[in-house]
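Student: Please find one structure pasted underneath; my questions will follow.
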Amino acid sequence: MAEFLSVSVVIPSWNQGHFIGRTLDSILKQDYPGSIEIIVSDGGSTDETVDVLKGYGDRITWWSARDKGFVDAVTKGVAKATGDILAVQSSDDYYLPGAFRAMAAGFEQHPEASFISGGEYAIDLAGNIVSSGSPRGEITPRTILFQAIPPQHATFVKRRYFEETGGMRLAVDMCADIDQWYRIAHLAPGHYIPEMVAVYQLHPDQRTATSDKWYPNLVKMVELTEEEPRYGSAFRLTDEERRDLYPYWEINWTSKRDPAAARAIAMRYLPSLLSYSSRTRRMILGNTVNQVARKVLPRGLISALRPESVEVMTTWPDLDWWRG
């Protein structure tokens, strides 16, 4: 039987009153025998957020006051947390049923893990599933950079590791959650569990779609981490890996907000296409290949470098379970 660790869920919040009730209900309705502490660190929302929070009475701890953004909100929330396990959940994302039991079982199965991360669904504003992800295996600095990034909304970390790294860093505020898992993984690996545990809400105003800070912040994340001996001595990129990774990031994150700009960047890397890894080649081709290029490049090369097809779902989860 899994050990039911105490959990503190910190929810940084800003003008997501339309969604935050769903987030809170998905925690409060978990079938979890252990202690769950909910802390909402709201940055002074001007929409209906405060009215929604008042409706939960003493079931949650919350405040609403101007802050300096995501990292500041999380830091203030963590300072109030008492649980053995910390989760940072966005105010527009939410958990699936059984998420906390799956987390506890994951830590029991992998007691050496510094954090546990589960699978996720991404949905559009109509509630349709757009994509899903469920990586497997150990989470190391290398897997975070080159395979999969543990999703914030599906990750649970041992609080002592969060504290040992000093918490989230304002210097990389755009990717502070990724940076947190990245640094913790230098100290002790995390581990993925197979269960789907959270839902990620897509909408046009997300930082992912609007900010131009992602690429420079990710580069800064790597460089700052390698400068610290306790991290740099555990893992660092080779020059070849750095040369391959940074173009991938630059094109990928630019394409989310400005496809035309991403295409121009990818064109710069196209002449050296074959010198990159297959992942970076796919990113370059995906942002440059058009009908003219298809006539020039060998068909076999185009096929080999296409992104893998996404598995079609035949069974659909009950994403509205929190309403029950």
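Residue numbers start at 1 in each chain; chains themselves are named A, B, ... in the order of the structure tokens; ligands are numbered from 1 in the order shown.
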Can you tell me, as a tab-separated table (two decimals) with N, CA and C atoms, in the first residue's frame, which residues in region 153-307 of chain A count as alpha helix (DSSP H) by DSSP?

Tutor:
```
chain	number	residue	atom	x	y	z
A	159	ARG	N	9.60	18.30	-1.23
A	159	ARG	CA	9.83	19.70	-0.87
A	159	ARG	C	11.29	19.98	-0.50
A	160	ARG	N	11.94	19.00	0.07
A	160	ARG	CA	13.34	19.22	0.49
A	160	ARG	C	14.24	19.51	-0.70
A	161	TYR	N	13.94	18.94	-1.87
A	161	TYR	CA	14.74	19.23	-3.06
A	161	TYR	C	14.42	20.61	-3.61
A	162	PHE	N	13.16	20.99	-3.52
A	162	PHE	CA	12.76	22.34	-3.94
A	162	PHE	C	13.53	23.36	-3.11
A	163	GLU	N	13.60	23.11	-1.82
A	163	GLU	CA	14.29	24.03	-0.92
A	163	GLU	C	15.79	23.99	-1.11
A	164	GLU	N	16.34	22.80	-1.37
A	164	GLU	CA	17.79	22.67	-1.53
A	164	GLU	C	18.31	23.45	-2.73
A	176	ALA	N	10.82	29.17	-15.44
A	176	ALA	CA	11.26	28.90	-14.08
A	176	ALA	C	10.89	27.51	-13.60
A	177	ASP	N	9.75	26.98	-14.07
A	177	ASP	CA	9.38	25.63	-13.66
A	177	ASP	C	10.30	24.59	-14.31
A	178	ILE	N	10.61	24.77	-15.59
A	178	ILE	CA	11.55	23.86	-16.27
A	178	ILE	C	12.92	23.93	-15.59
A	179	ASP	N	13.36	25.14	-15.30
A	179	ASP	CA	14.63	25.34	-14.63
A	179	ASP	C	14.66	24.65	-13.27
A	180	GLN	N	13.53	24.68	-12.56
A	180	GLN	CA	13.46	24.02	-11.26
A	180	GLN	C	13.66	22.52	-11.38
A	181	TRP	N	12.92	21.88	-12.30
A	181	TRP	CA	13.07	20.43	-12.47
A	181	TRP	C	14.48	20.11	-12.98
A	182	TYR	N	14.99	20.96	-13.86
A	182	TYR	CA	16.32	20.74	-14.44
A	182	TYR	C	17.40	20.72	-13.36
A	183	ARG	N	17.37	21.69	-12.46
A	183	ARG	CA	18.38	21.75	-11.41
A	183	ARG	C	18.20	20.61	-10.40
A	184	ILE	N	16.95	20.32	-10.03
A	184	ILE	CA	16.71	19.22	-9.10
A	184	ILE	C	17.21	17.90	-9.68
A	185	ALA	N	17.01	17.71	-10.97
A	185	ALA	CA	17.45	16.46	-11.61
A	185	ALA	C	18.96	16.29	-11.57
A	186	HIS	N	19.70	17.38	-11.42
A	186	HIS	CA	21.15	17.28	-11.23
A	186	HIS	C	21.49	16.66	-9.88
A	187	LEU	N	20.62	16.89	-8.89
A	187	LEU	CA	20.87	16.40	-7.53
A	187	LEU	C	20.39	14.96	-7.36
A	207	ARG	N	1.52	32.56	-22.09
A	207	ARG	CA	2.88	33.04	-22.33
A	207	ARG	C	3.56	32.23	-23.41
A	208	THR	N	3.21	30.96	-23.52
A	208	THR	CA	3.81	30.10	-24.55
A	208	THR	C	3.58	30.66	-25.94
A	209	ALA	N	2.41	31.25	-26.14
A	209	ALA	CA	2.04	31.73	-27.47
A	209	ALA	C	2.41	33.19	-27.71
A	210	THR	N	2.69	33.95	-26.66
A	210	THR	CA	2.86	35.38	-26.84
A	210	THR	C	4.26	35.91	-26.50
A	214	TRP	N	11.13	32.93	-24.30
A	214	TRP	CA	11.38	31.52	-24.06
A	214	TRP	C	12.78	31.08	-24.47
A	215	TYR	N	13.16	31.37	-25.69
A	215	TYR	CA	14.47	30.91	-26.16
A	215	TYR	C	15.62	31.50	-25.34
A	216	PRO	N	15.69	32.82	-25.16
A	216	PRO	CA	16.82	33.33	-24.35
A	216	PRO	C	16.80	32.85	-22.91
A	217	ASN	N	15.62	32.65	-22.32
A	217	ASN	CA	15.56	32.16	-20.95
A	217	ASN	C	16.03	30.72	-20.84
A	218	LEU	N	15.70	29.88	-21.82
A	218	LEU	CA	16.16	28.49	-21.78
A	218	LEU	C	17.68	28.41	-21.93
A	219	VAL	N	18.23	29.22	-22.80
A	219	VAL	CA	19.69	29.26	-22.94
A	219	VAL	C	20.32	29.72	-21.63
A	220	LYS	N	19.75	30.76	-21.03
A	220	LYS	CA	20.27	31.26	-19.76
A	220	LYS	C	20.17	30.19	-18.68
A	221	MET	N	19.08	29.41	-18.69
A	221	MET	CA	18.91	28.32	-17.74
A	221	MET	C	20.10	27.37	-17.78
A	222	VAL	N	20.47	26.95	-18.97
A	222	VAL	CA	21.58	26.01	-19.12
A	222	VAL	C	22.89	26.66	-18.68
A	223	GLU	N	23.14	27.87	-19.16
A	223	GLU	CA	24.41	28.53	-18.87
A	223	GLU	C	24.57	28.82	-17.38
A	224	LEU	N	23.52	29.33	-16.73
A	224	LEU	CA	23.60	29.63	-15.30
A	224	LEU	C	23.80	28.36	-14.48
A	225	THR	N	23.12	27.30	-14.87
A	225	THR	CA	23.24	26.04	-14.13
A	225	THR	C	24.64	25.47	-14.24
A	226	GLU	N	25.22	25.54	-15.42
A	226	GLU	CA	26.58	25.00	-15.60
A	226	GLU	C	27.62	25.82	-14.87
A	227	GLU	N	27.31	27.08	-14.56
A	227	GLU	CA	28.26	27.93	-13.84
A	227	GLU	C	28.37	27.53	-12.36
A	229	PRO	N	29.12	24.98	-9.55
A	229	PRO	CA	29.89	23.72	-9.47
A	229	PRO	C	29.06	22.50	-9.10
A	230	ARG	N	28.10	22.63	-8.18
A	230	ARG	CA	27.36	21.44	-7.75
A	230	ARG	C	26.49	20.89	-8.87
A	231	TYR	N	26.11	21.74	-9.83
A	231	TYR	CA	25.35	21.28	-10.99
A	231	TYR	C	26.28	20.95	-12.15
A	232	GLY	N	27.20	21.87	-12.43
A	232	GLY	CA	28.10	21.68	-13.57
A	232	GLY	C	28.97	20.45	-13.46
A	239	ASP	N	30.17	20.87	-26.57
A	239	ASP	CA	30.02	21.93	-27.58
A	239	ASP	C	29.11	21.47	-28.71
A	240	GLU	N	29.22	20.21	-29.09
A	240	GLU	CA	28.39	19.67	-30.17
A	240	GLU	C	26.92	19.63	-29.78
A	241	GLU	N	26.65	19.22	-28.53
A	241	GLU	CA	25.26	19.18	-28.06
A	241	GLU	C	24.66	20.57	-27.99
A	242	ARG	N	25.47	21.53	-27.55
A	242	ARG	CA	25.00	22.91	-27.45
A	242	ARG	C	24.66	23.46	-28.84
A	243	ARG	N	25.53	23.16	-29.81
A	243	ARG	CA	25.33	23.63	-31.17
A	243	ARG	C	24.05	23.04	-31.77
A	244	ASP	N	23.68	21.85	-31.35
A	244	ASP	CA	22.48	21.20	-31.87
A	244	ASP	C	21.22	21.66	-31.14
A	245	LEU	N	21.32	21.84	-29.83
A	245	LEU	CA	20.14	22.13	-29.01
A	245	LEU	C	19.63	23.54	-29.21
A	246	TYR	N	20.50	24.53	-29.23
A	246	TYR	CA	20.05	25.91	-29.27
A	246	TYR	C	19.28	26.27	-30.54
A	247	PRO	N	19.70	25.83	-31.72
A	247	PRO	CA	18.87	26.08	-32.91
A	247	PRO	C	17.48	25.45	-32.80
A	248	TYR	N	17.43	24.25	-32.24
A	248	TYR	CA	16.13	23.59	-32.06
A	248	TYR	C	15.21	24.47	-31.21
A	249	TRP	N	15.72	24.95	-30.08
A	249	TRP	CA	14.93	25.81	-29.21
A	249	TRP	C	14.54	27.11	-29.90
A	250	GLU	N	15.50	27.71	-30.59
A	250	GLU	CA	15.24	29.01	-31.22
A	250	GLU	C	14.10	28.92	-32.23
A	251	ILE	N	14.13	27.88	-33.06
A	251	ILE	CA	13.07	27.71	-34.06
A	251	ILE	C	11.75	27.32	-33.40
A	252	ASN	N	11.81	26.35	-32.50
A	252	ASN	CA	10.60	25.83	-31.87
A	252	ASN	C	9.81	26.91	-31.15
A	253	TRP	N	10.47	27.68	-30.29
A	253	TRP	CA	9.75	28.66	-29.47
A	253	TRP	C	9.36	29.88	-30.27
A	254	THR	N	10.12	30.22	-31.30
A	254	THR	CA	9.73	31.34	-32.16
A	254	THR	C	8.49	30.97	-32.98
A	255	SER	N	8.41	29.72	-33.42
A	255	SER	CA	7.30	29.29	-34.27
A	255	SER	C	5.95	29.37	-33.55
A	259	PRO	N	5.32	32.33	-36.85
A	259	PRO	CA	5.78	31.32	-37.82
A	259	PRO	C	6.69	31.88	-38.91
A	260	ALA	N	6.42	33.10	-39.35
A	260	ALA	CA	7.25	33.71	-40.40
A	260	ALA	C	8.68	33.94	-39.90
A	261	ALA	N	8.81	34.42	-38.68
A	261	ALA	CA	10.14	34.64	-38.10
A	261	ALA	C	10.85	33.32	-37.90
A	262	ALA	N	10.12	32.28	-37.47
A	262	ALA	CA	10.72	30.96	-37.29
A	262	ALA	C	11.21	30.41	-38.62
A	263	ARG	N	10.47	30.64	-39.69
A	263	ARG	CA	10.87	30.17	-41.01
A	263	ARG	C	12.17	30.83	-41.44
A	264	ALA	N	12.31	32.13	-41.16
A	264	ALA	CA	13.54	32.84	-41.53
A	264	ALA	C	14.74	32.30	-40.74
A	265	ILE	N	14.52	32.00	-39.47
A	265	ILE	CA	15.60	31.43	-38.65
A	265	ILE	C	15.98	30.05	-39.18
A	266	ALA	N	14.98	29.23	-39.46
A	266	ALA	CA	15.24	27.87	-39.95
A	266	ALA	C	15.98	27.90	-41.28
A	267	MET	N	15.69	28.89	-42.12
A	267	MET	CA	16.38	28.99	-43.41
A	267	MET	C	17.88	29.21	-43.22
A	268	ARG	N	18.26	29.90	-42.14
A	268	ARG	CA	19.67	30.12	-41.87
A	268	ARG	C	20.40	28.82	-41.57
A	269	TYR	N	19.68	27.89	-40.95
A	269	TYR	CA	20.29	26.61	-40.57
A	269	TYR	C	20.16	25.55	-41.65
A	278	SER	N	18.67	14.23	-35.78
A	278	SER	CA	17.41	14.03	-36.49
A	278	SER	C	16.31	14.92	-35.92
A	279	ARG	N	16.31	15.14	-34.60
A	279	ARG	CA	15.28	15.99	-33.99
A	279	ARG	C	15.39	17.42	-34.50
A	280	THR	N	16.60	17.96	-34.53
A	280	THR	CA	16.79	19.33	-35.00
A	280	THR	C	16.56	19.42	-36.51
A	281	ARG	N	16.93	18.39	-37.25
A	281	ARG	CA	16.65	18.38	-38.69
A	281	ARG	C	15.15	18.44	-38.94
A	282	ARG	N	14.39	17.68	-38.17
A	282	ARG	CA	12.93	17.72	-38.33
A	282	ARG	C	12.39	19.12	-38.06
A	283	MET	N	12.93	19.78	-37.05
A	283	MET	CA	12.48	21.13	-36.71
A	283	MET	C	12.81	22.11	-37.83
A	284	ILE	N	14.01	22.00	-38.37
A	284	ILE	CA	14.41	22.89	-39.47
A	284	ILE	C	13.54	22.65	-40.70
A	285	LEU	N	13.39	21.39	-41.08
A	285	LEU	CA	12.58	21.08	-42.26
A	285	LEU	C	11.11	21.43	-42.06
A	286	GLY	N	10.61	21.19	-40.87
A	286	GLY	CA	9.21	21.48	-40.61
A	286	GLY	C	8.87	22.95	-40.75
A	291	GLN	N	6.62	23.51	-51.33
A	291	GLN	CA	6.50	22.74	-52.55
A	291	GLN	C	7.78	22.76	-53.39
A	292	VAL	N	8.48	23.89	-53.39
A	292	VAL	CA	9.72	23.98	-54.15
A	292	VAL	C	10.79	23.07	-53.55
A	293	ALA	N	10.92	23.15	-52.20
A	293	ALA	CA	11.93	22.33	-51.54
A	293	ALA	C	11.63	20.85	-51.70
A	294	ARG	N	10.35	20.50	-51.71
A	294	ARG	CA	9.98	19.10	-51.88
A	294	ARG	C	10.46	18.55	-53.22
A	295	LYS	N	10.57	19.42	-54.21
A	295	LYS	CA	11.03	18.99	-55.53
A	295	LYS	C	12.55	18.84	-55.56
A	296	VAL	N	13.23	19.54	-54.66
A	296	VAL	CA	14.70	19.54	-54.67
A	296	VAL	C	15.26	18.43	-53.79
A	299	ARG	N	12.95	12.40	-51.82
A	299	ARG	CA	11.71	12.03	-51.14
A	299	ARG	C	12.00	11.20	-49.89
A	300	GLY	N	12.98	10.33	-49.96
A	300	GLY	CA	13.31	9.49	-48.81
A	300	GLY	C	13.76	10.32	-47.62
A	301	LEU	N	14.50	11.39	-47.88
A	301	LEU	CA	14.98	12.25	-46.81
A	301	LEU	C	13.82	12.99	-46.16
A	302	ILE	N	12.90	13.49	-46.98
A	302	ILE	CA	11.73	14.18	-46.45
A	302	ILE	C	10.91	13.26	-45.55
A	303	SER	N	10.68	12.04	-46.01
A	303	SER	CA	9.88	11.09	-45.24
A	303	SER	C	10.56	10.74	-43.92
A	304	ALA	N	11.87	10.55	-43.98
A	304	ALA	CA	12.61	10.14	-42.78
A	304	ALA	C	12.63	11.24	-41.71
A	305	LEU	N	12.55	12.48	-42.15
A	305	LEU	CA	12.67	13.59	-41.22
A	305	LEU	C	11.33	14.18	-40.80
```

Student: Under the rule that only C-alpha atoms are counted, which of A:Phe115, A:Phe4, A:Tyr192, A:Trp14 is the nearest residue to Val157 (chain A)?

Tutor: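 Using only C-alpha atoms, Val157 (chain A) sits closest to A:Phe115.
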
Student: Quick check, in Å to one decimal: how far apart do CA of Ile36 (chain A) and CA of Arg323 (chain A) lie?

Tutor: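 Rounded to one decimal, the two atoms are 19.3 Å apart.
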
Student: Record the distance separating CA of Phe156 (chain A) and CA of Ser233 (chain A), expressed in Å with one decimal.

Tutor: 25.5 Å
